[in-house]
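What follows is start-v4.cif (mmCIF, C-alpha atoms and all ligand atoms).
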data_my_file
#
loop_
_atom_site.label_atom_id
_atom_site.label_comp_id
_atom_site.auth_asym_id
_atom_site.auth_seq_id
_atom_site.Cartn_x
_atom_site.Cartn_y
_atom_site.Cartn_z
CA MET G 1 -118.28 41.13 23.00
CA ARG G 2 -115.38 42.72 24.91
CA LEU G 3 -114.92 46.49 24.53
CA LEU G 4 -112.12 48.70 25.76
CA PHE G 5 -113.37 52.01 27.19
CA ALA G 6 -110.66 54.70 26.98
CA THR G 7 -111.39 56.50 30.22
CA SER G 8 -109.62 56.96 33.52
CA ASN G 9 -112.83 58.24 35.12
CA GLN G 10 -114.18 55.37 37.24
CA HIS G 11 -117.60 57.07 37.56
CA LYS G 12 -118.03 57.05 33.79
CA LEU G 13 -117.00 53.41 33.69
CA MET G 14 -119.57 52.51 36.34
CA GLU G 15 -122.33 54.42 34.53
CA VAL G 16 -121.55 52.86 31.17
CA ARG G 17 -121.45 49.37 32.71
CA SER G 18 -124.90 50.04 34.18
CA ILE G 19 -126.22 51.04 30.73
CA ALA G 20 -124.57 48.35 28.60
CA ALA G 21 -126.38 45.10 27.80
CA PRO G 22 -124.98 42.08 29.68
CA GLU G 23 -123.42 40.64 26.50
CA LEU G 24 -121.10 43.66 26.31
CA GLU G 25 -118.11 43.35 28.63
CA ILE G 26 -116.76 46.86 29.21
CA VAL G 27 -113.09 46.92 30.14
CA GLY G 28 -111.57 50.08 31.61
CA LEU G 29 -108.02 51.43 31.53
CA LYS G 30 -107.26 50.18 35.04
CA ASP G 31 -108.24 46.66 33.95
CA ILE G 32 -105.51 46.66 31.28
CA GLY G 33 -102.91 48.26 33.53
CA PHE G 34 -102.89 51.70 31.89
CA GLU G 35 -102.10 54.26 34.59
CA GLY G 36 -101.32 57.37 32.52
CA GLU G 37 -103.47 60.36 31.60
CA LEU G 38 -105.21 60.47 28.24
CA PRO G 39 -104.43 63.58 26.16
CA GLU G 40 -107.23 66.14 25.78
CA THR G 41 -105.73 69.12 24.00
CA CYS G 42 -108.38 69.87 21.38
CA ASP G 43 -110.77 72.78 21.61
CA THR G 44 -113.90 70.78 20.87
CA ILE G 45 -115.65 67.92 22.68
CA GLU G 46 -115.65 65.93 19.42
CA GLY G 47 -111.91 66.48 18.97
CA ASN G 48 -111.01 65.43 22.50
CA SER G 49 -113.19 62.35 22.27
CA LEU G 50 -111.39 61.22 19.10
CA GLN G 51 -107.98 62.14 20.50
CA LYS G 52 -108.42 59.82 23.50
CA ALA G 53 -109.45 56.86 21.37
CA GLU G 54 -106.63 57.39 18.84
CA TYR G 55 -104.08 57.67 21.64
CA LEU G 56 -105.17 54.42 23.22
CA TYR G 57 -105.26 52.57 19.91
CA ALA G 58 -101.71 53.75 19.20
CA HIS G 59 -100.62 52.11 22.48
CA TYR G 60 -102.64 48.87 22.42
CA HIS G 61 -103.68 48.29 18.79
CA ILE G 62 -107.15 47.15 19.73
CA PRO G 63 -110.44 48.83 18.81
CA CYS G 64 -111.75 50.99 21.62
CA PHE G 65 -114.24 53.68 22.45
CA SER G 66 -113.85 56.88 24.38
CA GLU G 67 -116.06 59.74 25.39
CA ASP G 68 -115.72 63.40 26.17
CA THR G 69 -118.36 65.31 28.08
CA GLY G 70 -118.92 69.00 28.69
CA LEU G 71 -121.37 71.07 30.67
CA ILE G 72 -122.45 74.03 28.55
CA ILE G 73 -123.97 76.98 30.45
CA ASP G 74 -125.70 79.66 28.36
CA ALA G 75 -125.26 82.58 30.79
CA ILE G 76 -121.46 82.26 30.81
CA ASP G 77 -120.91 81.85 27.06
CA GLY G 78 -120.97 78.06 27.04
CA GLU G 79 -118.44 77.58 29.86
CA PRO G 80 -117.07 75.28 31.20
CA GLY G 81 -117.68 73.33 27.97
CA VAL G 82 -114.64 71.55 26.67
CA TYR G 83 -112.77 72.60 29.85
CA SER G 84 -115.26 70.94 32.22
CA ALA G 85 -112.70 68.59 33.80
CA ARG G 86 -110.19 71.35 34.59
CA TYR G 87 -112.40 74.45 34.86
CA ALA G 88 -110.88 75.65 38.14
CA GLY G 89 -107.31 74.72 37.15
CA GLU G 90 -105.16 71.79 36.03
CA ASN G 91 -105.57 69.67 39.19
CA ALA G 92 -108.99 70.98 40.20
CA SER G 93 -111.31 68.67 42.14
CA PHE G 94 -115.00 68.20 41.30
CA ASP G 95 -115.73 70.49 44.27
CA ASP G 96 -113.41 73.25 43.00
CA ASN G 97 -115.08 73.17 39.58
CA VAL G 98 -118.59 73.27 41.07
CA ASN G 99 -117.60 76.21 43.31
CA LYS G 100 -116.32 78.14 40.31
CA VAL G 101 -119.60 77.59 38.43
CA LEU G 102 -121.68 78.59 41.46
CA ASN G 103 -119.64 81.78 41.92
CA LYS G 104 -119.90 82.76 38.27
CA MET G 105 -123.62 82.02 38.26
CA LYS G 106 -124.36 83.77 41.57
CA SER G 107 -127.90 85.21 41.33
CA HIS G 108 -127.82 85.02 37.53
CA PRO G 109 -131.43 84.88 36.32
CA ILE G 110 -130.78 82.78 33.19
CA ARG G 111 -129.79 79.27 34.32
CA THR G 112 -130.27 77.09 31.24
CA ALA G 113 -127.52 74.56 30.51
CA ARG G 114 -126.91 71.22 28.87
CA PHE G 115 -124.61 68.23 29.17
CA LYS G 116 -123.13 66.99 25.92
CA THR G 117 -121.38 63.64 25.53
CA VAL G 118 -119.59 62.53 22.38
CA ILE G 119 -118.62 58.86 22.18
CA THR G 120 -116.03 57.84 19.60
CA TYR G 121 -115.69 54.25 18.43
CA TYR G 122 -112.27 53.86 16.83
CA THR G 123 -111.42 50.68 14.97
CA GLY G 124 -107.92 51.73 13.95
CA LYS G 125 -109.08 52.23 10.36
CA ASP G 126 -111.91 54.67 10.85
CA TYR G 127 -114.17 56.10 13.52
CA VAL G 128 -117.79 56.96 14.24
CA GLN G 129 -119.15 59.39 16.81
CA PHE G 130 -122.42 59.44 18.75
CA THR G 131 -123.73 62.54 20.55
CA GLY G 132 -126.07 62.68 23.54
CA ILE G 133 -127.43 65.96 24.91
CA THR G 134 -129.54 66.58 28.02
CA GLU G 135 -131.06 70.01 28.63
CA GLY G 136 -131.44 71.34 32.15
CA GLU G 137 -130.66 74.13 34.55
CA ILE G 138 -127.96 75.12 37.02
CA LEU G 139 -129.20 75.15 40.61
CA GLN G 140 -128.42 78.00 43.03
CA ASP G 141 -126.75 75.52 45.44
CA ARG G 142 -125.65 71.90 45.61
CA LYS G 143 -128.40 69.31 46.02
CA GLY G 144 -127.70 65.61 46.64
CA THR G 145 -124.58 63.55 47.22
CA GLN G 146 -124.67 60.84 44.53
CA GLY G 147 -122.90 60.78 41.18
CA PHE G 148 -119.86 62.92 40.36
CA GLY G 149 -118.64 66.13 38.78
CA TYR G 150 -121.36 68.73 38.29
CA ASP G 151 -124.20 66.35 39.25
CA PRO G 152 -125.14 68.27 42.45
CA ILE G 153 -125.87 71.50 40.54
CA PHE G 154 -127.55 70.13 37.39
CA LYS G 155 -131.30 69.48 37.24
CA PRO G 156 -132.47 67.98 33.95
CA VAL G 157 -135.66 69.22 32.32
CA GLY G 158 -138.60 67.07 33.44
CA SER G 159 -137.17 66.24 36.87
CA HIS G 160 -137.56 67.88 40.26
CA LYS G 161 -134.29 66.27 41.39
CA SER G 162 -130.68 67.14 40.60
CA TYR G 163 -128.58 64.37 39.02
CA ALA G 164 -126.91 63.95 42.43
CA GLU G 165 -130.25 63.19 44.10
CA MET G 166 -130.87 60.32 41.68
CA SER G 167 -129.93 56.66 41.79
CA LEU G 168 -127.95 55.40 38.79
CA GLU G 169 -131.16 54.05 37.27
CA GLU G 170 -132.95 57.40 37.71
CA LYS G 171 -130.03 59.31 36.18
CA ASN G 172 -130.05 56.92 33.22
CA ALA G 173 -133.63 57.96 32.43
CA PHE G 174 -132.28 61.46 31.61
CA SER G 175 -128.58 60.98 31.05
CA HIS G 176 -126.58 62.52 28.19
CA ARG G 177 -124.17 59.57 28.53
CA LYS G 178 -126.94 57.01 28.12
CA LYS G 179 -128.31 58.80 25.05
CA SER G 180 -124.95 58.61 23.30
CA PHE G 181 -124.18 55.08 24.52
CA ASP G 182 -127.54 53.74 23.29
CA GLN G 183 -126.73 55.00 19.77
CA PHE G 184 -123.32 53.36 19.99
CA ALA G 185 -124.81 50.04 21.15
CA ASN G 186 -127.28 50.22 18.28
CA HIS G 187 -124.40 50.75 15.84
CA LEU G 188 -122.62 47.68 17.24
CA ARG G 189 -125.75 45.60 16.77
CA GLN G 190 -126.07 46.77 13.15
CA ILE G 191 -122.48 45.96 12.22
CA ALA G 192 -122.78 42.54 13.90
CA VAL G 193 -125.52 41.36 11.51
P1 LIG G 201 -111.61 60.76 30.84
O1 LIG G 201 -111.10 61.87 29.96
O2 LIG G 201 -110.53 59.87 31.35
O3 LIG G 201 -112.75 60.01 30.22
P2 LIG G 201 -112.51 62.96 32.53
O4 LIG G 201 -113.08 63.04 33.91
O5 LIG G 201 -111.28 63.78 32.23
O6 LIG G 201 -112.26 61.42 32.19
P3 LIG G 201 -113.95 64.52 30.59
O7 LIG G 201 -112.73 65.05 29.95
O8 LIG G 201 -115.05 64.09 29.70
O9 LIG G 201 -113.65 63.27 31.53
O10 LIG G 201 -114.38 65.59 31.67
C1 LIG G 201 -115.60 66.05 31.79
C2 LIG G 201 -115.81 66.55 33.20
O11 LIG G 201 -117.19 66.92 33.19
C3 LIG G 201 -115.66 65.49 34.29
O12 LIG G 201 -114.43 65.51 34.92
C4 LIG G 201 -116.78 65.87 35.26
O13 LIG G 201 -116.36 66.90 36.11
C5 LIG G 201 -117.82 66.45 34.31
N1 LIG G 201 -118.81 65.42 33.94
C6 LIG G 201 -118.75 64.53 32.92
N2 LIG G 201 -119.84 63.75 32.91
C7 LIG G 201 -120.60 64.16 33.94
C8 LIG G 201 -121.82 63.73 34.48
O14 LIG G 201 -122.50 62.72 33.96
N3 LIG G 201 -122.29 64.38 35.55
C9 LIG G 201 -121.63 65.41 36.10
N4 LIG G 201 -120.45 65.85 35.67
C10 LIG G 201 -119.93 65.23 34.60
#

Starting from the coordinates I provided, produce the structure as structure tokens.
Amino acid sequence: MRLLFATSNQHKLMEVRSIAAPELEIVGLKDIGFEGELPETCDTIEGNSLQKAEYLYAHYHIPCFSEDTGLIIDAIDGEPGVYSARYAGENASFDDNVNKVLNKMKSHPIRTARFKTVITYYTGKDYVQFTGITEGEILQDRKGTQGFGYDPIFKPVGSHKSYAEMSLEEKNAFSHRKKSFDQFANHLRQIAV
């Protein structure tokens, strides 16, 4: 089965390809020649996830899935949350966003946080959503060089490593993205029978 993934984030695409069963061929936006930016103007992760899938369907008329992810930090009222991609400004880099979190969290004693991913599968007629959450904590400083985004400052519960110190396989043992994708894959299997 061929599936269009509505993302322009190549890291997400790589992670999802590493999670998906071999019979699922995951096609990214670059593969179909889409160079634009997907709209994300809602104020919830669920809303943005749906918005991306609807936008892509309107352009290509083929079923697709999208995902929106946010890092939710308790000590700063759930920030960066739905604004995770542009926390330090419209064209902020991963580094800029991490620096902003580290500054805001400087010597804060409460460091609990979670990643939340919402995948939307949009068939053009209706949609279903699948949520994956991973609890963890925000480190005092960056650790590790793998992965992307906030990986160097997030340590999931049950690990002594940050996400950025893990291989893809290790991250998948904890990952918010894998939890939501597994539910989605299960849904695809159920509708195929
Ligand atoms: P698309 O909308 O094209 O899918 P994006 O990068 O804009 O790509 P999001 O809107 O979901 O994706 O942005 C969430 C941001 O949160 C993302 O840019 C990263 O900085 C961060 N993020 C998402 N997943 C992450 C992960 O697994 N590890 C670390 N940071 C992550």

Can you pull out every residue within 10 Å of Ile153 of chain G, counting all atoms listed in the file, but drop anything in the same chain fewer than 2 positions away, and send it as a PyMOL selection string? chain G and resi 98-99+101-102+137-144+149-151+155-156+161-164

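Residues of protein or nucleic acid lying within 6 Å of ligand LIG 201 (chain G), counting all atoms listed in the file, are Thr7, Ser8, Asn9, Glu67, Asp68, Thr69, Gly70, Ser84, Ala85, Phe94, Phe148, Gly149, Tyr150 and Asp151 of chain G.
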
Preceding selection exported with C-alpha atoms as a compact mmCIF listing (two decimals), in the coordinates of the input:
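What landed in result.txt:
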# COMPACT_ATOMS: atom_id res chain seq x y z
CA THR G 7 -111.39 56.50 30.22
CA SER G 8 -109.62 56.96 33.52
CA ASN G 9 -112.83 58.24 35.12
CA GLU G 67 -116.06 59.74 25.39
CA ASP G 68 -115.72 63.40 26.17
CA THR G 69 -118.36 65.31 28.08
CA GLY G 70 -118.92 69.00 28.69
CA SER G 84 -115.26 70.94 32.22
CA ALA G 85 -112.70 68.59 33.80
CA PHE G 94 -115.00 68.20 41.30
CA PHE G 148 -119.86 62.92 40.36
CA GLY G 149 -118.64 66.13 38.78
CA TYR G 150 -121.36 68.73 38.29
CA ASP G 151 -124.20 66.35 39.25

Atom pair atom CA of Ile73 of chain G / atom CA of Asp182 of chain G: separation (Å): 24.6 Å

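We find atom CA of Ile110 of chain G and atom CA of Ser93 of chain G to be spaced 25.7 Å apart.
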
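Atom pair atom CA of Leu4 of chain G / atom CA of Lys179 of chain G: separated by 19.1 Å.
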
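Non-sequential neighbours of Asp126 of chain G (distance at most 12 Å, separation of 6 or more positions within a chain, only C-alpha atoms) are Leu50, Ala53, Glu54, Tyr57, Pro63, Cys64, Phe65 and Thr120 of chain G.
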
I want to know what sits within 10 Å of Val16 of chain G, based on all atoms listed in the file, with residues of the same chain fewer than 2 positions away left out; could you give that as JSON, numbers by chain? {"G": [5, 10, 11, 12, 13, 14, 18, 19, 20, 21, 26, 172, 177, 178, 181, 182]}

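Distances to Gly158 of chain G were evaluated for G:Thr117, G:Thr134, G:Thr44, G:Gln146 using only C-alpha atoms, and the minimum falls at G:Thr134.
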
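With only C-alpha atoms as the atoms that count, the residue of G:Ala88, G:Met166, G:Ala75, G:Leu29 with the shortest distance to Tyr60 of chain G is G:Leu29.
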
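The nearest approach to Cys42 of chain G among the residues G:Phe115, G:Phe184, G:Tyr83, G:Pro152, with all atoms listed in the file taken into account, belongs to G:Tyr83.
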
Could you write out as AutoDock Vina command-line options the box around segment 47-62 of chain G (axis-aligned, all atoms listed in the file, 5 Å on each side), with centre and edge lengths in Å to one decimal?
--center_x -106.9 --center_y 56.8 --center_z 21.1 --size_x 22.6 --size_y 29.3 --size_z 14.7

If I only have part of segment 53-72 of chain G, can you fill in N, CA, C and O atoms and write it as a PDB file, in the frame of the given file?
ATOM      1  N   ALA G  53    -109.360  58.189  21.980  1.00  0.00           N
ATOM      2  CA  ALA G  53    -109.450  56.860  21.370  1.00  0.00           C
ATOM      3  C   ALA G  53    -108.226  56.577  20.497  1.00  0.00           C
ATOM      4  O   ALA G  53    -107.652  55.481  20.546  1.00  0.00           O
ATOM      5  N   GLU G  54    -107.806  57.578  19.720  1.00  0.00           N
ATOM      6  CA  GLU G  54    -106.630  57.390  18.840  1.00  0.00           C
ATOM      7  C   GLU G  54    -105.380  57.107  19.672  1.00  0.00           C
ATOM      8  O   GLU G  54    -104.569  56.255  19.325  1.00  0.00           O
ATOM      9  N   TYR G  55    -105.251  57.827  20.766  1.00  0.00           N
ATOM     10  CA  TYR G  55    -104.080  57.670  21.640  1.00  0.00           C
ATOM     11  C   TYR G  55    -104.015  56.252  22.186  1.00  0.00           C
ATOM     12  O   TYR G  55    -102.962  55.599  22.176  1.00  0.00           O
ATOM     13  N   LEU G  56    -105.152  55.760  22.639  1.00  0.00           N
ATOM     14  CA  LEU G  56    -105.170  54.420  23.220  1.00  0.00           C
ATOM     15  C   LEU G  56    -104.905  53.351  22.164  1.00  0.00           C
ATOM     16  O   LEU G  56    -104.175  52.388  22.418  1.00  0.00           O
ATOM     17  N   TYR G  57    -105.488  53.546  20.985  1.00  0.00           N
ATOM     18  CA  TYR G  57    -105.260  52.570  19.910  1.00  0.00           C
ATOM     19  C   TYR G  57    -103.771  52.512  19.558  1.00  0.00           C
ATOM     20  O   TYR G  57    -103.207  51.435  19.349  1.00  0.00           O
ATOM     21  N   ALA G  58    -103.138  53.688  19.530  1.00  0.00           N
ATOM     22  CA  ALA G  58    -101.710  53.750  19.200  1.00  0.00           C
ATOM     23  C   ALA G  58    -100.878  52.945  20.207  1.00  0.00           C
ATOM     24  O   ALA G  58     -99.835  52.399  19.880  1.00  0.00           O
ATOM     25  N   HIS G  59    -101.357  52.852  21.450  1.00  0.00           N
ATOM     26  CA  HIS G  59    -100.620  52.110  22.480  1.00  0.00           C
ATOM     27  C   HIS G  59    -100.959  50.623  22.496  1.00  0.00           C
ATOM     28  O   HIS G  59    -100.109  49.800  22.806  1.00  0.00           O
ATOM     29  N   TYR G  60    -102.212  50.263  22.224  1.00  0.00           N
ATOM     30  CA  TYR G  60    -102.640  48.870  22.420  1.00  0.00           C
ATOM     31  C   TYR G  60    -103.081  48.137  21.154  1.00  0.00           C
ATOM     32  O   TYR G  60    -103.285  46.934  21.180  1.00  0.00           O
ATOM     33  N   HIS G  61    -103.297  48.893  20.074  1.00  0.00           N
ATOM     34  CA  HIS G  61    -103.680  48.290  18.790  1.00  0.00           C
ATOM     35  C   HIS G  61    -104.936  47.435  18.876  1.00  0.00           C
ATOM     36  O   HIS G  61    -105.024  46.405  18.217  1.00  0.00           O
ATOM     37  N   ILE G  62    -105.858  47.834  19.728  1.00  0.00           N
ATOM     38  CA  ILE G  62    -107.150  47.150  19.730  1.00  0.00           C
ATOM     39  C   ILE G  62    -108.252  48.204  19.643  1.00  0.00           C
ATOM     40  O   ILE G  62    -108.120  49.295  20.197  1.00  0.00           O
ATOM     41  N   PRO G  63    -109.347  47.878  18.926  1.00  0.00           N
ATOM     42  CA  PRO G  63    -110.440  48.830  18.810  1.00  0.00           C
ATOM     43  C   PRO G  63    -110.924  49.257  20.201  1.00  0.00           C
ATOM     44  O   PRO G  63    -110.916  48.455  21.139  1.00  0.00           O
ATOM     45  N   CYS G  64    -111.299  50.503  20.316  1.00  0.00           N
ATOM     46  CA  CYS G  64    -111.750  50.990  21.620  1.00  0.00           C
ATOM     47  C   CYS G  64    -112.744  52.124  21.423  1.00  0.00           C
ATOM     48  O   CYS G  64    -112.932  52.615  20.303  1.00  0.00           O
ATOM     49  N   PHE G  65    -113.394  52.489  22.517  1.00  0.00           N
ATOM     50  CA  PHE G  65    -114.240  53.680  22.450  1.00  0.00           C
ATOM     51  C   PHE G  65    -113.871  54.600  23.597  1.00  0.00           C
ATOM     52  O   PHE G  65    -113.324  54.182  24.624  1.00  0.00           O
ATOM     53  N   SER G  66    -114.151  55.873  23.367  1.00  0.00           N
ATOM     54  CA  SER G  66    -113.850  56.880  24.380  1.00  0.00           C
ATOM     55  C   SER G  66    -115.040  57.834  24.427  1.00  0.00           C
ATOM     56  O   SER G  66    -115.926  57.766  23.567  1.00  0.00           O
ATOM     57  N   GLU G  67    -115.037  58.684  25.408  1.00  0.00           N
ATOM     58  CA  GLU G  67    -116.060  59.740  25.390  1.00  0.00           C
ATOM     59  C   GLU G  67    -115.524  61.002  26.018  1.00  0.00           C
ATOM     60  O   GLU G  67    -114.649  60.972  26.879  1.00  0.00           O
ATOM     61  N   ASP G  68    -116.029  62.129  25.541  1.00  0.00           N
ATOM     62  CA  ASP G  68    -115.720  63.400  26.170  1.00  0.00           C
ATOM     63  C   ASP G  68    -117.048  64.071  26.470  1.00  0.00           C
ATOM     64  O   ASP G  68    -117.989  63.996  25.672  1.00  0.00           O
ATOM     65  N   THR G  69    -117.111  64.683  27.647  1.00  0.00           N
ATOM     66  CA  THR G  69    -118.360  65.310  28.080  1.00  0.00           C
ATOM     67  C   THR G  69    -118.092  66.733  28.516  1.00  0.00           C
ATOM     68  O   THR G  69    -117.061  67.019  29.128  1.00  0.00           O
ATOM     69  N   GLY G  70    -119.028  67.617  28.218  1.00  0.00           N
ATOM     70  CA  GLY G  70    -118.920  69.000  28.690  1.00  0.00           C
ATOM     71  C   GLY G  70    -120.251  69.497  29.195  1.00  0.00           C
ATOM     72  O   GLY G  70    -121.312  69.080  28.726  1.00  0.00           O
ATOM     73  N   LEU G  71    -120.174  70.378  30.179  1.00  0.00           N
ATOM     74  CA  LEU G  71    -121.370  71.070  30.670  1.00  0.00           C
ATOM     75  C   LEU G  71    -121.348  72.457  30.029  1.00  0.00           C
ATOM     76  O   LEU G  71    -120.370  73.199  30.182  1.00  0.00           O
ATOM     77  N   ILE G  72    -122.408  72.785  29.317  1.00  0.00           N
ATOM     78  CA  ILE G  72    -122.450  74.030  28.550  1.00  0.00           C
ATOM     79  C   ILE G  72    -123.504  74.951  29.173  1.00  0.00           C
ATOM     80  O   ILE G  72    -124.702  74.617  29.179  1.00  0.00           O
TER      81      ILE G  72
END
